[in-house]
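Asks: Quick one: the structure is below, questions incoming.
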Amino acid sequence: SLLAASAVAFTAVKLVGAGYLAYLGIKALVSAWRRGQAVHTEVKATTVRPMVAYRQGLLTNLLNPKCAVFFVALMPQFLSTSPHWSDTLLLSTLAVVITAVWFTVLANIVGALRAFFTSKRVRRVLDSVTGAILVGLGIRIALD
């Protein structure tokens, strides 16, 4: 509700989120460039500790103003005019469960395709495309 009520807070979160997207994009582009320079080195699959992955995901979601706006705009439409706290909790829990199921399925699919995604050529293309898209989105969000 702070983001919905305060234009300054919303703008601050938006700009920090845009900067974070651009940072992730630049990091991906540098990774793609380095892969191109080191053609003879073998690509190693990187594993990320669960807490690091959780922190990255949490930071990405907290700095995404569209996520906050989505819930502020969408949640009230599914609640009565004077909702009880249990109604809001139930709806929030449902959103969390659906998201958890979706990302679990997605992670298992990507895990099954690990050999494909860790090939040098595919990694370089994915890093390049992802980096360009993230930098572009960061710039677009910052200028919006």
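Ligands are numbered from 1 in the order shown, residues from 1 within each chain, and chains are lettered A, B, ... in the order they appear in the structure tokens.
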Run DSSP on the backbone and grab whatever in chain A lands in helix (DSSP H, G or I); send it over as an MDAnalysis selection string.

Replies: chainID A and resid 2:5 7:37 50:62 65:78 85:112 114:117 120:143

Asks: Which residues are close to stretch 124-141 of chain A, i.e. within 7 Å by only C-alpha atoms, leaving aside same-chain residues fewer than 6 positions away? Reply as a ChimeraX atom specification.

Replies: /A:18-19,21-22,24-26,28-29,31-32,35

Asks: Taking N, CA, C and O atoms for each residue, export the selection above as an mmCIF file, in the first residue's frame.

Replies:
```cif
data_model
loop_
_atom_site.group_PDB
_atom_site.id
_atom_site.type_symbol
_atom_site.label_atom_id
_atom_site.label_comp_id
_atom_site.auth_asym_id
_atom_site.auth_seq_id
_atom_site.Cartn_x
_atom_site.Cartn_y
_atom_site.Cartn_z
ATOM 1 N N ALA A 18 14.879 -1.053 -12.196
ATOM 2 C CA ALA A 18 15.415 -0.858 -13.549
ATOM 3 C C ALA A 18 16.938 -0.997 -13.541
ATOM 4 O O ALA A 18 17.519 -1.624 -14.432
ATOM 5 N N GLY A 19 17.569 -0.434 -12.531
ATOM 6 C CA GLY A 19 19.019 -0.561 -12.406
ATOM 7 C C GLY A 19 19.445 -2.011 -12.191
ATOM 8 O O GLY A 19 20.432 -2.471 -12.774
ATOM 9 N N LEU A 21 17.781 -4.690 -13.212
ATOM 10 C CA LEU A 21 17.605 -5.379 -14.498
ATOM 11 C C LEU A 21 18.775 -5.092 -15.427
ATOM 12 O O LEU A 21 19.294 -6.006 -16.086
ATOM 13 N N ALA A 22 19.173 -3.839 -15.505
ATOM 14 C CA ALA A 22 20.296 -3.475 -16.364
ATOM 15 C C ALA A 22 21.577 -4.165 -15.882
ATOM 16 O O ALA A 22 22.361 -4.664 -16.690
ATOM 17 N N LEU A 24 21.814 -7.052 -14.264
ATOM 18 C CA LEU A 24 21.726 -8.462 -14.648
ATOM 19 C C LEU A 24 21.975 -8.642 -16.144
ATOM 20 O O LEU A 24 22.627 -9.600 -16.565
ATOM 21 N N GLY A 25 21.462 -7.712 -16.957
ATOM 22 C CA GLY A 25 21.672 -7.775 -18.400
ATOM 23 C C GLY A 25 23.131 -7.603 -18.783
ATOM 24 O O GLY A 25 23.661 -8.349 -19.620
ATOM 25 N N ILE A 26 23.778 -6.642 -18.160
ATOM 26 C CA ILE A 26 25.205 -6.403 -18.443
ATOM 27 C C ILE A 26 26.028 -7.613 -18.006
ATOM 28 O O ILE A 26 26.943 -8.042 -18.711
ATOM 29 N N ALA A 28 25.029 -10.704 -17.949
ATOM 30 C CA ALA A 28 24.801 -11.762 -18.940
ATOM 31 C C ALA A 28 25.570 -11.481 -20.227
ATOM 32 O O ALA A 28 26.140 -12.401 -20.831
ATOM 33 N N LEU A 29 25.608 -10.220 -20.651
ATOM 34 C CA LEU A 29 26.350 -9.878 -21.869
ATOM 35 C C LEU A 29 27.850 -10.103 -21.690
ATOM 36 O O LEU A 29 28.527 -10.604 -22.598
ATOM 37 N N SER A 31 29.171 -12.250 -19.677
ATOM 38 C CA SER A 31 29.331 -13.701 -19.658
ATOM 39 C C SER A 31 29.337 -14.266 -21.074
ATOM 40 O O SER A 31 30.150 -15.135 -21.396
ATOM 41 N N ALA A 32 28.449 -13.774 -21.931
ATOM 42 C CA ALA A 32 28.411 -14.239 -23.326
ATOM 43 C C ALA A 32 29.692 -13.854 -24.047
ATOM 44 O O ALA A 32 30.253 -14.641 -24.813
ATOM 45 N N ARG A 35 32.564 -16.111 -22.947
ATOM 46 C CA ARG A 35 32.454 -17.447 -23.538
ATOM 47 C C ARG A 35 32.999 -17.436 -24.963
ATOM 48 O O ARG A 35 33.581 -18.399 -25.408
#
```

Asks: One decimal, Å: what's the distance from atom CA of A:Ala9 over to atom CA of A:Thr60, could you say?

Replies: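 Answer for the atom CA of A:Ala9 to atom CA of A:Thr60 separation: 16.8 Å.
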
Asks: Counting only C-alpha atoms, which of A:Phe71, A:Arg49, A:Gly111, A:Phe117 gets nearest to A:Ala95?

Replies: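 Among A:Phe71, A:Arg49, A:Gly111, A:Phe117, it is A:Phe71 that comes nearest to A:Ala95.
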
Asks: Do you have the atom CA of A:Thr88-atom CA of A:Met75 distance handy?

Replies: 8.1 Å
